[in-house]
>>> print(open('structure30.cif').read())   # mmCIF, N, CA and C atoms
data_target
loop_
_atom_site.label_atom_id
_atom_site.label_comp_id
_atom_site.auth_asym_id
_atom_site.auth_seq_id
_atom_site.Cartn_x
_atom_site.Cartn_y
_atom_site.Cartn_z
N MET O 275 -9.26 10.07 18.69
CA MET O 275 -8.34 11.04 18.10
C MET O 275 -7.15 10.30 17.49
N LEU O 276 -6.76 10.69 16.30
CA LEU O 276 -5.64 10.07 15.61
C LEU O 276 -4.38 10.86 15.93
N VAL O 277 -3.36 10.19 16.35
CA VAL O 277 -2.08 10.83 16.62
C VAL O 277 -1.20 10.61 15.41
N TYR O 278 -0.69 11.69 14.85
CA TYR O 278 0.13 11.59 13.65
C TYR O 278 1.58 11.42 14.02
N LYS O 279 2.24 10.53 13.33
CA LYS O 279 3.65 10.25 13.59
C LYS O 279 4.56 11.30 12.98
N ARG O 280 4.06 12.00 11.96
CA ARG O 280 4.86 13.04 11.32
C ARG O 280 4.29 14.40 11.68
N GLN O 281 5.14 15.38 11.71
CA GLN O 281 4.72 16.73 12.06
C GLN O 281 3.99 17.37 10.88
N HIS O 282 2.80 17.86 11.11
CA HIS O 282 2.02 18.53 10.08
C HIS O 282 2.27 20.03 10.17
N THR O 283 2.53 20.67 9.03
CA THR O 283 2.85 22.09 9.05
C THR O 283 1.86 22.95 8.27
N GLY O 284 1.09 22.39 7.36
CA GLY O 284 0.19 23.19 6.53
C GLY O 284 -1.20 23.31 7.13
N ASP O 285 -2.05 24.11 6.48
CA ASP O 285 -3.42 24.29 6.94
C ASP O 285 -4.32 23.12 6.54
N VAL O 286 -4.03 22.52 5.40
CA VAL O 286 -4.85 21.43 4.89
C VAL O 286 -4.01 20.16 4.88
N LEU O 287 -4.55 19.12 5.49
CA LEU O 287 -3.86 17.84 5.48
C LEU O 287 -4.06 17.16 4.13
N VAL O 288 -2.99 16.67 3.55
CA VAL O 288 -3.07 15.89 2.32
C VAL O 288 -2.92 14.44 2.73
N ARG O 289 -3.97 13.67 2.49
CA ARG O 289 -3.99 12.26 2.88
C ARG O 289 -3.62 11.40 1.69
N VAL O 290 -2.59 10.58 1.88
CA VAL O 290 -2.11 9.67 0.84
C VAL O 290 -2.49 8.26 1.24
N LEU O 291 -2.91 7.49 0.26
CA LEU O 291 -3.28 6.09 0.48
C LEU O 291 -2.39 5.20 -0.37
N ALA O 292 -1.79 4.22 0.26
CA ALA O 292 -1.02 3.19 -0.43
C ALA O 292 -1.70 1.85 -0.15
N THR O 293 -1.57 0.93 -1.09
CA THR O 293 -2.19 -0.37 -0.91
C THR O 293 -1.21 -1.47 -1.30
N GLY O 294 -1.44 -2.65 -0.78
CA GLY O 294 -0.59 -3.77 -1.17
C GLY O 294 -0.85 -4.99 -0.32
N THR O 295 -0.18 -6.06 -0.68
CA THR O 295 -0.27 -7.32 0.06
C THR O 295 0.68 -7.30 1.25
N PHE O 296 1.89 -6.82 1.03
CA PHE O 296 2.92 -6.68 2.07
C PHE O 296 3.22 -8.00 2.76
N ASP O 297 3.35 -9.04 1.94
CA ASP O 297 3.76 -10.34 2.46
C ASP O 297 5.28 -10.37 2.48
N LEU O 298 5.86 -10.77 3.57
CA LEU O 298 7.31 -10.78 3.73
C LEU O 298 7.88 -9.39 3.43
N LEU O 299 7.73 -8.47 4.36
CA LEU O 299 8.20 -7.10 4.17
C LEU O 299 9.66 -7.08 3.72
N HIS O 300 9.94 -6.21 2.77
CA HIS O 300 11.30 -6.12 2.22
C HIS O 300 11.60 -4.67 1.83
N PRO O 301 12.83 -4.36 1.43
CA PRO O 301 13.20 -2.98 1.10
C PRO O 301 12.34 -2.33 0.02
N GLY O 302 11.81 -3.09 -0.91
CA GLY O 302 10.93 -2.53 -1.94
C GLY O 302 9.66 -1.96 -1.33
N HIS O 303 9.10 -2.64 -0.32
CA HIS O 303 7.93 -2.12 0.37
C HIS O 303 8.26 -0.81 1.09
N ILE O 304 9.41 -0.78 1.74
CA ILE O 304 9.82 0.42 2.47
C ILE O 304 10.01 1.59 1.51
N LEU O 305 10.63 1.33 0.36
CA LEU O 305 10.80 2.39 -0.64
C LEU O 305 9.44 2.90 -1.11
N TYR O 306 8.55 2.01 -1.44
CA TYR O 306 7.21 2.38 -1.90
C TYR O 306 6.50 3.25 -0.87
N LEU O 307 6.49 2.80 0.37
CA LEU O 307 5.78 3.55 1.41
C LEU O 307 6.49 4.87 1.73
N SER O 308 7.80 4.88 1.69
CA SER O 308 8.55 6.13 1.93
C SER O 308 8.24 7.16 0.85
N GLU O 309 8.24 6.72 -0.40
CA GLU O 309 7.93 7.64 -1.50
C GLU O 309 6.48 8.11 -1.43
N ALA O 310 5.57 7.22 -1.07
CA ALA O 310 4.16 7.60 -0.93
C ALA O 310 4.00 8.62 0.20
N SER O 311 4.72 8.44 1.29
CA SER O 311 4.58 9.35 2.43
C SER O 311 5.04 10.77 2.09
N LYS O 312 5.95 10.89 1.15
CA LYS O 312 6.45 12.22 0.75
C LYS O 312 5.41 13.01 -0.04
N MET O 313 4.36 12.35 -0.50
CA MET O 313 3.34 13.01 -1.32
C MET O 313 2.33 13.80 -0.49
N GLY O 314 2.36 13.64 0.83
CA GLY O 314 1.36 14.31 1.65
C GLY O 314 1.73 14.36 3.11
N ASP O 315 0.72 14.61 3.93
CA ASP O 315 0.91 14.77 5.37
C ASP O 315 0.59 13.51 6.17
N GLU O 316 -0.32 12.69 5.66
CA GLU O 316 -0.72 11.47 6.34
C GLU O 316 -0.60 10.31 5.36
N LEU O 317 -0.08 9.20 5.84
CA LEU O 317 -0.02 8.00 5.00
C LEU O 317 -0.89 6.91 5.61
N TYR O 318 -1.93 6.57 4.87
CA TYR O 318 -2.79 5.45 5.22
C TYR O 318 -2.40 4.30 4.30
N VAL O 319 -2.43 3.09 4.85
CA VAL O 319 -2.07 1.92 4.05
C VAL O 319 -3.16 0.86 4.19
N ILE O 320 -3.66 0.42 3.05
CA ILE O 320 -4.61 -0.69 3.04
C ILE O 320 -3.83 -1.96 2.75
N VAL O 321 -3.94 -2.90 3.66
CA VAL O 321 -3.31 -4.21 3.51
C VAL O 321 -4.37 -5.15 2.94
N ALA O 322 -4.10 -5.69 1.77
CA ALA O 322 -5.07 -6.54 1.08
C ALA O 322 -5.36 -7.81 1.87
N ARG O 323 -6.63 -8.15 1.91
CA ARG O 323 -7.03 -9.41 2.54
C ARG O 323 -6.69 -10.58 1.61
N GLU O 324 -6.29 -11.67 2.20
CA GLU O 324 -5.96 -12.87 1.43
C GLU O 324 -7.11 -13.26 0.51
N SER O 325 -8.35 -13.12 0.99
CA SER O 325 -9.52 -13.53 0.21
C SER O 325 -9.68 -12.73 -1.08
N MET O 326 -9.06 -11.54 -1.16
CA MET O 326 -9.22 -10.68 -2.33
C MET O 326 -8.04 -10.76 -3.30
N ILE O 327 -7.00 -11.50 -2.95
CA ILE O 327 -5.80 -11.57 -3.78
C ILE O 327 -5.99 -12.66 -4.83
N ARG O 328 -6.04 -12.22 -6.09
CA ARG O 328 -6.28 -13.16 -7.19
C ARG O 328 -5.21 -13.08 -8.27
N HIS O 329 -4.36 -12.08 -8.20
CA HIS O 329 -3.38 -11.84 -9.26
C HIS O 329 -2.02 -12.47 -9.00
N LYS O 330 -1.88 -13.10 -7.84
CA LYS O 330 -0.62 -13.75 -7.48
C LYS O 330 -0.90 -14.77 -6.39
N PRO O 331 0.10 -15.58 -6.02
CA PRO O 331 -0.16 -16.56 -4.95
C PRO O 331 -0.61 -15.89 -3.65
N LYS O 332 -1.39 -16.62 -2.88
CA LYS O 332 -1.87 -16.12 -1.60
C LYS O 332 -0.67 -15.85 -0.68
N PRO O 333 -0.79 -14.85 0.20
CA PRO O 333 0.32 -14.55 1.10
C PRO O 333 0.60 -15.67 2.09
N ILE O 334 1.82 -15.73 2.54
CA ILE O 334 2.25 -16.69 3.55
C ILE O 334 1.84 -16.21 4.94
N ILE O 335 1.99 -14.91 5.16
CA ILE O 335 1.71 -14.30 6.45
C ILE O 335 0.21 -13.98 6.52
N PRO O 336 -0.47 -14.34 7.61
CA PRO O 336 -1.91 -14.06 7.75
C PRO O 336 -2.22 -12.55 7.73
N ASP O 337 -3.46 -12.23 7.37
CA ASP O 337 -3.91 -10.84 7.25
C ASP O 337 -3.54 -9.99 8.47
N GLU O 338 -3.94 -10.42 9.64
CA GLU O 338 -3.74 -9.61 10.85
C GLU O 338 -2.26 -9.38 11.16
N GLN O 339 -1.43 -10.36 10.87
CA GLN O 339 0.01 -10.19 11.10
C GLN O 339 0.62 -9.20 10.11
N ARG O 340 0.20 -9.28 8.84
CA ARG O 340 0.69 -8.32 7.85
C ARG O 340 0.24 -6.91 8.21
N LEU O 341 -1.00 -6.79 8.67
CA LEU O 341 -1.52 -5.49 9.11
C LEU O 341 -0.70 -4.94 10.27
N LYS O 342 -0.39 -5.77 11.23
CA LYS O 342 0.38 -5.33 12.40
C LYS O 342 1.80 -4.89 11.99
N MET O 343 2.42 -5.63 11.08
CA MET O 343 3.77 -5.26 10.63
C MET O 343 3.76 -3.92 9.92
N VAL O 344 2.83 -3.74 8.99
CA VAL O 344 2.76 -2.48 8.24
C VAL O 344 2.43 -1.33 9.18
N GLY O 345 1.50 -1.55 10.09
CA GLY O 345 1.10 -0.51 11.03
C GLY O 345 2.20 -0.10 11.99
N SER O 346 3.17 -0.97 12.19
CA SER O 346 4.27 -0.66 13.11
C SER O 346 5.36 0.20 12.47
N LEU O 347 5.30 0.36 11.15
CA LEU O 347 6.32 1.15 10.47
C LEU O 347 6.14 2.64 10.80
N GLU O 348 7.23 3.31 11.09
CA GLU O 348 7.19 4.71 11.49
C GLU O 348 6.57 5.61 10.42
N ILE O 349 6.75 5.30 9.17
CA ILE O 349 6.24 6.16 8.10
C ILE O 349 4.74 6.01 7.86
N VAL O 350 4.12 5.00 8.48
CA VAL O 350 2.70 4.74 8.28
C VAL O 350 1.91 5.36 9.43
N ASP O 351 0.97 6.25 9.08
CA ASP O 351 0.13 6.86 10.11
C ASP O 351 -1.00 5.95 10.54
N LYS O 352 -1.58 5.22 9.58
CA LYS O 352 -2.64 4.29 9.93
C LYS O 352 -2.68 3.18 8.89
N ALA O 353 -2.78 1.95 9.37
CA ALA O 353 -2.92 0.79 8.49
C ALA O 353 -4.26 0.14 8.77
N LEU O 354 -4.91 -0.33 7.70
CA LEU O 354 -6.18 -1.02 7.87
C LEU O 354 -6.28 -2.14 6.86
N LEU O 355 -7.08 -3.14 7.20
CA LEU O 355 -7.30 -4.25 6.27
C LEU O 355 -8.26 -3.81 5.18
N GLY O 356 -8.02 -4.32 4.00
CA GLY O 356 -8.92 -4.06 2.89
C GLY O 356 -10.24 -4.77 3.09
N SER O 357 -11.18 -4.47 2.21
CA SER O 357 -12.49 -5.09 2.25
C SER O 357 -12.39 -6.53 1.75
N ASP O 358 -13.31 -7.36 2.19
CA ASP O 358 -13.35 -8.71 1.64
C ASP O 358 -14.42 -8.84 0.56
N THR O 359 -14.99 -7.68 0.13
CA THR O 359 -15.99 -7.72 -0.94
C THR O 359 -15.75 -6.67 -2.03
N ASP O 360 -15.33 -5.46 -1.68
CA ASP O 360 -15.22 -4.37 -2.65
C ASP O 360 -13.99 -3.53 -2.33
N ILE O 361 -13.05 -3.48 -3.26
CA ILE O 361 -11.80 -2.75 -3.00
C ILE O 361 -12.03 -1.26 -2.75
N PHE O 362 -13.17 -0.74 -3.18
CA PHE O 362 -13.43 0.68 -3.01
C PHE O 362 -13.97 1.03 -1.61
N ASP O 363 -14.45 0.04 -0.85
CA ASP O 363 -15.01 0.32 0.49
C ASP O 363 -14.02 1.02 1.41
N PRO O 364 -12.79 0.51 1.58
CA PRO O 364 -11.88 1.21 2.50
C PRO O 364 -11.42 2.57 1.96
N ILE O 365 -11.46 2.74 0.65
CA ILE O 365 -11.12 4.05 0.08
C ILE O 365 -12.16 5.06 0.51
N MET O 366 -13.43 4.64 0.56
CA MET O 366 -14.51 5.51 1.03
C MET O 366 -14.24 5.92 2.49
N GLU O 367 -13.77 4.97 3.27
CA GLU O 367 -13.48 5.25 4.69
C GLU O 367 -12.31 6.23 4.84
N VAL O 368 -11.27 6.05 4.07
CA VAL O 368 -10.06 6.86 4.20
C VAL O 368 -10.23 8.25 3.57
N GLN O 369 -10.94 8.34 2.45
CA GLN O 369 -11.12 9.60 1.73
C GLN O 369 -9.77 10.25 1.39
N PRO O 370 -8.94 9.55 0.60
CA PRO O 370 -7.60 10.08 0.29
C PRO O 370 -7.65 11.21 -0.74
N ASP O 371 -6.62 12.03 -0.71
CA ASP O 371 -6.42 13.05 -1.73
C ASP O 371 -5.58 12.46 -2.87
N ILE O 372 -4.71 11.51 -2.50
CA ILE O 372 -3.80 10.88 -3.46
C ILE O 372 -3.78 9.38 -3.18
N ILE O 373 -3.83 8.60 -4.24
CA ILE O 373 -3.59 7.16 -4.12
C ILE O 373 -2.26 6.90 -4.79
N ALA O 374 -1.32 6.36 -4.03
CA ALA O 374 0.01 6.06 -4.54
C ALA O 374 0.07 4.57 -4.88
N LEU O 375 0.38 4.29 -6.13
CA LEU O 375 0.51 2.90 -6.58
C LEU O 375 1.98 2.53 -6.66
N GLY O 376 2.30 1.30 -6.33
CA GLY O 376 3.66 0.81 -6.50
C GLY O 376 3.99 0.63 -7.97
N TYR O 377 5.26 0.63 -8.29
CA TYR O 377 5.68 0.55 -9.69
C TYR O 377 5.17 -0.71 -10.37
N ASP O 378 4.99 -1.79 -9.59
CA ASP O 378 4.62 -3.08 -10.19
C ASP O 378 3.16 -3.47 -9.95
N GLN O 379 2.37 -2.57 -9.39
CA GLN O 379 0.96 -2.89 -9.18
C GLN O 379 0.23 -2.81 -10.51
N GLY O 380 -0.61 -3.79 -10.77
CA GLY O 380 -1.21 -3.98 -12.08
C GLY O 380 -2.33 -3.04 -12.47
N PHE O 381 -2.56 -1.98 -11.72
CA PHE O 381 -3.63 -1.05 -12.06
C PHE O 381 -3.23 -0.14 -13.21
N ASP O 382 -4.17 0.16 -14.09
CA ASP O 382 -4.02 1.20 -15.09
C ASP O 382 -4.40 2.50 -14.39
N THR O 383 -3.45 3.42 -14.22
CA THR O 383 -3.69 4.63 -13.42
C THR O 383 -4.84 5.47 -13.96
N GLU O 384 -4.92 5.63 -15.26
CA GLU O 384 -5.99 6.45 -15.85
C GLU O 384 -7.36 5.81 -15.64
N LYS O 385 -7.44 4.49 -15.83
CA LYS O 385 -8.71 3.79 -15.63
C LYS O 385 -9.12 3.83 -14.16
N LEU O 386 -8.16 3.62 -13.27
CA LEU O 386 -8.46 3.66 -11.84
C LEU O 386 -8.95 5.04 -11.44
N GLU O 387 -8.28 6.08 -11.91
CA GLU O 387 -8.70 7.44 -11.59
C GLU O 387 -10.12 7.70 -12.11
N LYS O 388 -10.41 7.23 -13.32
CA LYS O 388 -11.75 7.38 -13.89
C LYS O 388 -12.79 6.63 -13.05
N ASP O 389 -12.48 5.37 -12.68
CA ASP O 389 -13.39 4.58 -11.84
C ASP O 389 -13.64 5.27 -10.50
N LEU O 390 -12.59 5.84 -9.93
CA LEU O 390 -12.73 6.55 -8.65
C LEU O 390 -13.64 7.76 -8.80
N HIS O 391 -13.42 8.53 -9.85
CA HIS O 391 -14.25 9.72 -10.08
C HIS O 391 -15.71 9.34 -10.30
N GLU O 392 -15.96 8.23 -11.01
CA GLU O 392 -17.33 7.76 -11.22
C GLU O 392 -18.00 7.36 -9.92
N ARG O 393 -17.21 6.96 -8.93
CA ARG O 393 -17.75 6.60 -7.62
C ARG O 393 -17.77 7.79 -6.65
N GLY O 394 -17.42 8.96 -7.15
CA GLY O 394 -17.50 10.17 -6.32
C GLY O 394 -16.23 10.55 -5.60
N PHE O 395 -15.13 9.88 -5.90
CA PHE O 395 -13.86 10.21 -5.25
C PHE O 395 -13.14 11.28 -6.06
N ASP O 396 -12.65 12.29 -5.40
CA ASP O 396 -11.89 13.34 -6.06
C ASP O 396 -10.44 13.22 -5.60
N CYS O 397 -9.73 12.27 -6.20
CA CYS O 397 -8.34 12.07 -5.79
C CYS O 397 -7.48 11.76 -7.02
N LYS O 398 -6.21 12.03 -6.88
CA LYS O 398 -5.23 11.75 -7.93
C LYS O 398 -4.67 10.36 -7.71
N VAL O 399 -4.29 9.71 -8.80
CA VAL O 399 -3.60 8.42 -8.72
C VAL O 399 -2.21 8.63 -9.29
N ILE O 400 -1.20 8.35 -8.47
CA ILE O 400 0.19 8.57 -8.87
C ILE O 400 0.97 7.27 -8.67
N ARG O 401 1.72 6.89 -9.68
CA ARG O 401 2.55 5.68 -9.58
C ARG O 401 3.93 6.05 -9.07
N VAL O 402 4.37 5.33 -8.05
CA VAL O 402 5.72 5.50 -7.51
C VAL O 402 6.69 4.75 -8.42
N GLY O 403 7.75 5.40 -8.82
CA GLY O 403 8.73 4.78 -9.70
C GLY O 403 9.63 3.81 -8.96
N LYS O 404 10.25 2.93 -9.71
CA LYS O 404 11.19 1.97 -9.14
C LYS O 404 12.58 2.57 -9.23
N SER O 405 13.21 2.79 -8.08
CA SER O 405 14.56 3.35 -8.11
C SER O 405 15.51 2.57 -7.23
N LEU O 406 15.08 1.41 -6.79
CA LEU O 406 15.91 0.60 -5.90
C LEU O 406 16.34 -0.65 -6.64
N LYS O 407 17.64 -0.87 -6.68
CA LYS O 407 18.15 -2.10 -7.29
C LYS O 407 18.41 -3.08 -6.16
N CYS O 408 17.61 -4.12 -6.14
CA CYS O 408 17.67 -5.06 -5.03
C CYS O 408 17.23 -6.42 -5.55
N SER O 409 18.08 -7.40 -5.42
CA SER O 409 17.75 -8.71 -5.96
C SER O 409 16.62 -9.40 -5.17
N LEU O 410 16.38 -8.96 -3.94
CA LEU O 410 15.34 -9.58 -3.12
C LEU O 410 14.26 -8.58 -2.72
N CYS O 411 13.92 -7.67 -3.62
CA CYS O 411 12.86 -6.69 -3.37
C CYS O 411 11.54 -7.19 -3.94
N SER O 412 11.24 -8.41 -3.63
CA SER O 412 10.00 -9.05 -4.07
C SER O 412 9.76 -10.23 -3.16
N SER O 413 8.55 -10.33 -2.64
CA SER O 413 8.24 -11.48 -1.78
C SER O 413 8.44 -12.79 -2.54
N GLY O 414 8.04 -12.80 -3.82
CA GLY O 414 8.21 -13.99 -4.64
C GLY O 414 9.66 -14.39 -4.79
N LYS O 415 10.54 -13.40 -4.98
CA LYS O 415 11.98 -13.69 -5.11
C LYS O 415 12.57 -14.19 -3.79
N ILE O 416 12.09 -13.66 -2.68
CA ILE O 416 12.55 -14.12 -1.36
C ILE O 416 12.13 -15.58 -1.17
N ILE O 417 10.89 -15.88 -1.50
CA ILE O 417 10.39 -17.25 -1.35
C ILE O 417 11.18 -18.20 -2.25
N GLN O 418 11.44 -17.78 -3.49
CA GLN O 418 12.21 -18.63 -4.41
C GLN O 418 13.60 -18.88 -3.88
N LYS O 419 14.25 -17.86 -3.32
CA LYS O 419 15.60 -18.02 -2.77
C LYS O 419 15.59 -19.02 -1.60
N ILE O 420 14.58 -18.93 -0.75
CA ILE O 420 14.45 -19.87 0.37
C ILE O 420 14.27 -21.29 -0.16
N LEU O 421 13.41 -21.46 -1.15
CA LEU O 421 13.19 -22.78 -1.74
C LEU O 421 14.47 -23.33 -2.35
N ASP O 422 15.19 -22.48 -3.10
CA ASP O 422 16.44 -22.91 -3.72
C ASP O 422 17.46 -23.32 -2.67
N ARG O 423 17.54 -22.56 -1.61
CA ARG O 423 18.54 -22.83 -0.58
C ARG O 423 18.26 -24.13 0.16
N TYR O 424 17.00 -24.43 0.42
CA TYR O 424 16.69 -25.57 1.26
C TYR O 424 16.18 -26.79 0.52
N ARG O 425 16.33 -26.81 -0.78
CA ARG O 425 15.95 -28.00 -1.55
C ARG O 425 17.04 -29.03 -1.49
#
>>> encode(input="structure30.cif", output="structure tokens")
Amino acid sequence: MLVYKRQHTGDVLVRVLATGTFDLLHPGHILYLSEASKMGDELYVIVARESMIRHKPKPIIPDEQRLKMVGSLEIVDKALLGSDTDIFDPIMEVQPDIIALGYDQGFDTEKLEKDLHERGFDCKVIRVGKSLKCSLCSSGKIIQKILDRYR
């Protein structure tokens, strides 16, 4: 049985899915997940496996530790590791009503929604806007600041 951290009030649960690497958690991640959680009743988060990350440097924090950190956040109802072969596998497991994308995630929302529908998923894809001004709301910027400081 899944215990929900947020109080559900409606007859139908709206399940929201957020995804990301979540290396070096920062305020931008919290904003993204907070905004995603407002879209429904349950927030599931897929934490990308290092083996599947090709669009940026590999994470510093290992998969299981990133999963544990994200799963410990109060706004997250359930966190799970992504697939190491097909990004759509965990989506099949979660069966979301909404997929919330971060403002900087490289997916084309219309193409992703079309790909999902072709695979039998009936869910909306919504991009969360960027509304936080923060000089260190990026794992890459945090890493760069550490490098600059200790060089």
>>> closest_residue(input="structure30.cif", among="O:Leu375, O:Val286, O:Ile400, O:Leu341", to="Leu355 of chain O", atoms="only C-alpha atoms")
O:Leu341
>>> select_by_dssp(input="structure30.cif", residues="segment 298-370 of chain O", states="strand (DSSP E or B)", output="PyMOL selection string")
chain O and resi 316-321+352-355
>>> closest_atom_pairs(input="structure30.cif", of="segment 344-372 of chain O", to="segment 382-391 of chain O", cutoff="10 Å", atoms="only C-alpha atoms", output="CSV")
residue,atom,partner,partner_atom,distance
O:Phe362,CA,O:Leu390,CA,8.2
O:Ile365,CA,O:Leu390,CA,9.2
O:Met366,CA,O:Leu390,CA,9.9
>>> select_by_dssp(input="structure30.cif", residues="chain O", states="alpha helix (DSSP H)", output="VMD selection string")
chain O and resid 301 to 311 337 to 345 363 to 368 383 to 392 413 to 424
>>> atom_distance(input="structure30.cif", atom1="atom C of His329 of chain O", atom2="atom N of Glu316 of chain O")
29.2 Å
>>> decode(input="structure30.cif", residues="segment 291-369 of chain O", atoms="C-alpha atoms", output="PDB file, in the first residue's frame")
ATOM      1  CA  LEU O 291       5.469  12.517 -13.196  1.00  0.00           C
ATOM      2  CA  ALA O 292       8.636  14.594 -13.075  1.00  0.00           C
ATOM      3  CA  THR O 293      12.016  13.428 -14.320  1.00  0.00           C
ATOM      4  CA  GLY O 294      15.592  14.558 -13.998  1.00  0.00           C
ATOM      5  CA  THR O 295      19.154  13.834 -13.012  1.00  0.00           C
ATOM      6  CA  PHE O 296      18.949  15.665  -9.663  1.00  0.00           C
ATOM      7  CA  ASP O 297      22.695  15.791  -9.169  1.00  0.00           C
ATOM      8  CA  LEU O 298      23.597  18.182  -6.352  1.00  0.00           C
ATOM      9  CA  LEU O 299      20.067  19.140  -5.282  1.00  0.00           C
ATOM     10  CA  HIS O 300      19.484  22.882  -5.398  1.00  0.00           C
ATOM     11  CA  PRO O 301      16.613  25.419  -5.222  1.00  0.00           C
ATOM     12  CA  GLY O 302      15.862  25.016  -8.940  1.00  0.00           C
ATOM     13  CA  HIS O 303      15.077  21.329  -8.378  1.00  0.00           C
ATOM     14  CA  ILE O 304      12.812  22.204  -5.453  1.00  0.00           C
ATOM     15  CA  LEU O 305      10.976  24.808  -7.536  1.00  0.00           C
ATOM     16  CA  TYR O 306      10.503  22.334 -10.389  1.00  0.00           C
ATOM     17  CA  LEU O 307       9.174  19.594  -8.133  1.00  0.00           C
ATOM     18  CA  SER O 308       6.986  22.010  -6.151  1.00  0.00           C
ATOM     19  CA  GLU O 309       5.388  23.338  -9.326  1.00  0.00           C
ATOM     20  CA  ALA O 310       4.943  19.797 -10.673  1.00  0.00           C
ATOM     21  CA  SER O 311       3.274  18.696  -7.432  1.00  0.00           C
ATOM     22  CA  LYS O 312       0.669  21.454  -7.783  1.00  0.00           C
ATOM     23  CA  MET O 313      -0.537  19.883 -11.041  1.00  0.00           C
ATOM     24  CA  GLY O 314      -2.070  16.851  -9.339  1.00  0.00           C
ATOM     25  CA  ASP O 315      -2.563  14.677  -6.291  1.00  0.00           C
ATOM     26  CA  GLU O 316       0.505  12.426  -6.470  1.00  0.00           C
ATOM     27  CA  LEU O 317       4.026  13.309  -7.536  1.00  0.00           C
ATOM     28  CA  TYR O 318       6.202  10.529  -8.870  1.00  0.00           C
ATOM     29  CA  VAL O 319       9.787  11.337  -9.786  1.00  0.00           C
ATOM     30  CA  ILE O 320      12.031   9.358 -12.086  1.00  0.00           C
ATOM     31  CA  VAL O 321      15.701   9.860 -11.284  1.00  0.00           C
ATOM     32  CA  ALA O 322      17.763   9.278 -14.420  1.00  0.00           C
ATOM     33  CA  ARG O 323      20.363   6.547 -14.306  1.00  0.00           C
ATOM     34  CA  GLU O 324      23.927   7.637 -14.988  1.00  0.00           C
ATOM     35  CA  SER O 325      24.108   5.100 -17.831  1.00  0.00           C
ATOM     36  CA  MET O 326      21.312   6.930 -19.702  1.00  0.00           C
ATOM     37  CA  ILE O 327      22.631  10.494 -19.349  1.00  0.00           C
ATOM     38  CA  ARG O 328      24.122  11.583 -22.657  1.00  0.00           C
ATOM     39  CA  HIS O 329      23.181  15.257 -22.953  1.00  0.00           C
ATOM     40  CA  LYS O 330      25.452  16.550 -20.186  1.00  0.00           C
ATOM     41  CA  PRO O 331      28.308  15.385 -17.953  1.00  0.00           C
ATOM     42  CA  LYS O 332      27.662  12.302 -15.843  1.00  0.00           C
ATOM     43  CA  PRO O 333      26.406  13.032 -12.319  1.00  0.00           C
ATOM     44  CA  ILE O 334      28.801  13.247  -9.397  1.00  0.00           C
ATOM     45  CA  ILE O 335      26.375  11.615  -6.969  1.00  0.00           C
ATOM     46  CA  PRO O 336      25.667   7.881  -7.595  1.00  0.00           C
ATOM     47  CA  ASP O 337      22.212   6.756  -8.781  1.00  0.00           C
ATOM     48  CA  GLU O 338      21.036   5.262  -5.483  1.00  0.00           C
ATOM     49  CA  GLN O 339      22.097   8.311  -3.468  1.00  0.00           C
ATOM     50  CA  ARG O 340      20.315  10.712  -5.839  1.00  0.00           C
ATOM     51  CA  LEU O 341      17.231   8.493  -5.625  1.00  0.00           C
ATOM     52  CA  LYS O 342      17.336   8.531  -1.828  1.00  0.00           C
ATOM     53  CA  MET O 343      17.705  12.325  -1.702  1.00  0.00           C
ATOM     54  CA  VAL O 344      14.803  12.950  -4.080  1.00  0.00           C
ATOM     55  CA  GLY O 345      12.645  10.357  -2.332  1.00  0.00           C
ATOM     56  CA  SER O 346      13.213  12.043   1.015  1.00  0.00           C
ATOM     57  CA  LEU O 347      11.674  15.316  -0.156  1.00  0.00           C
ATOM     58  CA  GLU O 348       8.265  15.962   1.408  1.00  0.00           C
ATOM     59  CA  ILE O 349       6.684  16.976  -1.912  1.00  0.00           C
ATOM     60  CA  VAL O 350       7.632  13.672  -3.577  1.00  0.00           C
ATOM     61  CA  ASP O 351       5.205  10.796  -3.100  1.00  0.00           C
ATOM     62  CA  LYS O 352       7.394   8.202  -4.791  1.00  0.00           C
ATOM     63  CA  ALA O 353      10.817   8.290  -6.420  1.00  0.00           C
ATOM     64  CA  LEU O 354      12.182   5.583  -8.675  1.00  0.00           C
ATOM     65  CA  LEU O 355      15.228   5.047 -10.832  1.00  0.00           C
ATOM     66  CA  GLY O 356      14.813   5.337 -14.560  1.00  0.00           C
ATOM     67  CA  SER O 357      15.365   2.460 -16.929  1.00  0.00           C
ATOM     68  CA  ASP O 358      18.843   1.620 -18.133  1.00  0.00           C
ATOM     69  CA  THR O 359      17.497   0.726 -21.592  1.00  0.00           C
ATOM     70  CA  ASP O 360      14.273   2.607 -22.472  1.00  0.00           C
ATOM     71  CA  ILE O 361      13.108   5.908 -20.993  1.00  0.00           C
ATOM     72  CA  PHE O 362       9.489   4.883 -21.561  1.00  0.00           C
ATOM     73  CA  ASP O 363       9.663   1.760 -19.319  1.00  0.00           C
ATOM     74  CA  PRO O 364       9.202   3.563 -15.978  1.00  0.00           C
ATOM     75  CA  ILE O 365       6.473   5.730 -17.512  1.00  0.00           C
ATOM     76  CA  MET O 366       4.583   2.497 -18.240  1.00  0.00           C
ATOM     77  CA  GLU O 367       5.003   1.548 -14.577  1.00  0.00           C
ATOM     78  CA  VAL O 368       3.844   4.919 -13.220  1.00  0.00           C
ATOM     79  CA  GLN O 369       0.976   5.527 -15.694  1.00  0.00           C
TER      80      GLN O 369
END
